[in-house]
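> Here it is: the structure, laid out below.
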Amino acid sequence: MKAKVTGIGGVFFKCANVAATKAWYQEHLGLPVDDYGCTFWTGPTEEKASQQWSPFKKDSTYFNPGNQEFMINYRVDDLVKLIEQLKDAGVEIAGEIEEFDYGKFGWIIDIDGRKVELWEPANEELFEK
């Protein structure tokens, strides 16, 4: 079976002032922001999934080598397998897989030159509030 995307993991975007942007969204739209932005939880208790909303500094290089103002993070079921499938299909891979307590990350460049983040979550219960 092929590895695949299972959902949206997050939406990241550049802005002029991260603190002001988070404050605006908190005040006007009620987002409960923290240091990273805002985490939305969905699904039944035993199968919770998170989606991250995160503003980045305008001059952030995190979206490089893509040249865009936003980046979408996709949840995947098997990152290592998916990266291999994408390599085999000729998709440009940006960097190496990185692993943290909260999951594995990999990046690709899409057909329009945008950097796309792929995330295989680890134990999401680590981050519940």
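Chain labels A, B, ... are given in the sequence in which chains occur in the structure tokens; within each chain residues are numbered consecutively from 1, and ligands are likewise numbered from 1 in the order shown.
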Counting only C-alpha atoms, give me one row per residue of stretch 56-77 of chain A with an atom at most 6 Å from an atom of stretch 107-117 of chain A, showing the shortest contact pair and its distance in Å to one decimal, sorted by chain then residue number, as CSV.


residue,atom,partner,partner_atom,distance
A:Gly66,CA,A:Lys115,CA,4.6
A:Ile72,CA,A:Val116,CA,5.9
A:Asn73,CA,A:Glu117,CA,4.5

> Now that the selection is made, can you save its residues with all heavy atoms as a PDB file, in the first residue's frame?


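And here is the file that came out, out-v5.pdb:
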ATOM      1  N   GLY A  66      11.559  27.442  -1.125  1.00  0.00           N
ATOM      2  CA  GLY A  66      10.368  27.966  -1.787  1.00  0.00           C
ATOM      3  C   GLY A  66      10.316  29.478  -1.660  1.00  0.00           C
ATOM      4  O   GLY A  66      10.932  30.058  -0.779  1.00  0.00           O
ATOM      5  N   ILE A  72       1.835  25.056   3.656  1.00  0.00           N
ATOM      6  CA  ILE A  72       0.881  24.113   4.230  1.00  0.00           C
ATOM      7  C   ILE A  72       1.657  22.893   4.710  1.00  0.00           C
ATOM      8  O   ILE A  72       2.558  22.407   4.037  1.00  0.00           O
ATOM      9  CB  ILE A  72      -0.202  23.726   3.206  1.00  0.00           C
ATOM     10  CG1 ILE A  72      -1.001  24.973   2.827  1.00  0.00           C
ATOM     11  CG2 ILE A  72      -1.116  22.638   3.769  1.00  0.00           C
ATOM     12  CD1 ILE A  72      -2.034  24.756   1.755  1.00  0.00           C
ATOM     13  N   ASN A  73       1.282  22.426   5.879  1.00  0.00           N
ATOM     14  CA  ASN A  73       1.848  21.218   6.465  1.00  0.00           C
ATOM     15  C   ASN A  73       0.782  20.135   6.321  1.00  0.00           C
ATOM     16  O   ASN A  73      -0.361  20.333   6.731  1.00  0.00           O
ATOM     17  CB  ASN A  73       2.165  21.493   7.946  1.00  0.00           C
ATOM     18  CG  ASN A  73       2.414  20.241   8.752  1.00  0.00           C
ATOM     19  OD1 ASN A  73       1.515  19.445   8.966  1.00  0.00           O
ATOM     20  ND2 ASN A  73       3.622  20.104   9.243  1.00  0.00           N
TER      21      ASN A  73
END

> Compile the contact shell of stretch 76-92 of chain A as a list in words: residues with an atom at most 7 Å away, counting only C-alpha atoms, same-chain residues fewer than 4 positions apart removed.

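The filter keeps Ala3, Lys4, Val5, Thr6, Ile108, Ile109, Leu118, Trp119 and Glu120 of chain A.
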
> Please dump the current selection as a compact mmCIF listing (two decimals), in the first residue's frame; keep C-alpha atoms.


# COMPACT_ATOMS: atom_id res chain seq x y z
CA ALA A 3 1.95 6.06 1.87
CA LYS A 4 -0.32 9.10 1.70
CA VAL A 5 -1.50 12.36 3.18
CA THR A 6 -4.14 11.93 5.89
CA ILE A 108 9.25 18.78 -0.89
CA ILE A 109 8.92 21.39 -3.61
CA LEU A 118 5.09 16.72 5.45
CA TRP A 119 4.55 15.60 9.06
CA GLU A 120 4.14 12.14 10.53

> Contacts of stretch 13-27 of chain A at 8 Å or less, counting only C-alpha atoms, minus same-chain residues fewer than 5 places along, as a list in words?

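The filter keeps Pro32, Val33, Gly37, Ser54, Pro55, Phe56, Lys57, Lys58, Asp59, Ser60, Glu69, Phe70 and Met71 of chain A.
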
> With distances taken over only C-alpha atoms, which of A:Tyr102, A:Trp53, A:Met1, A:Glu96 is nearest to A:Asp35?

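Closest to A:Asp35 of all the choices is A:Trp53.
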
> Pick the closest to A:Trp41 from A:Phe105, A:Gln68, A:Gly9, A:Ile97: which is it, counting only C-alpha atoms?

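Closest to A:Trp41, using only C-alpha atoms: A:Gly9.
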
> State, in Å with one decimal place, the distance from atom CA of A:Gly106 to atom CA of A:Asp34.

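Atom CA of A:Gly106 sits 24.2 Å away from atom CA of A:Asp34.
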
> Find the residue from A:Thr42, A:Lys48, A:Arg75, A:Asn67 that sits nearest to A:Val11; use only C-alpha atoms when measuring.

A:Arg75
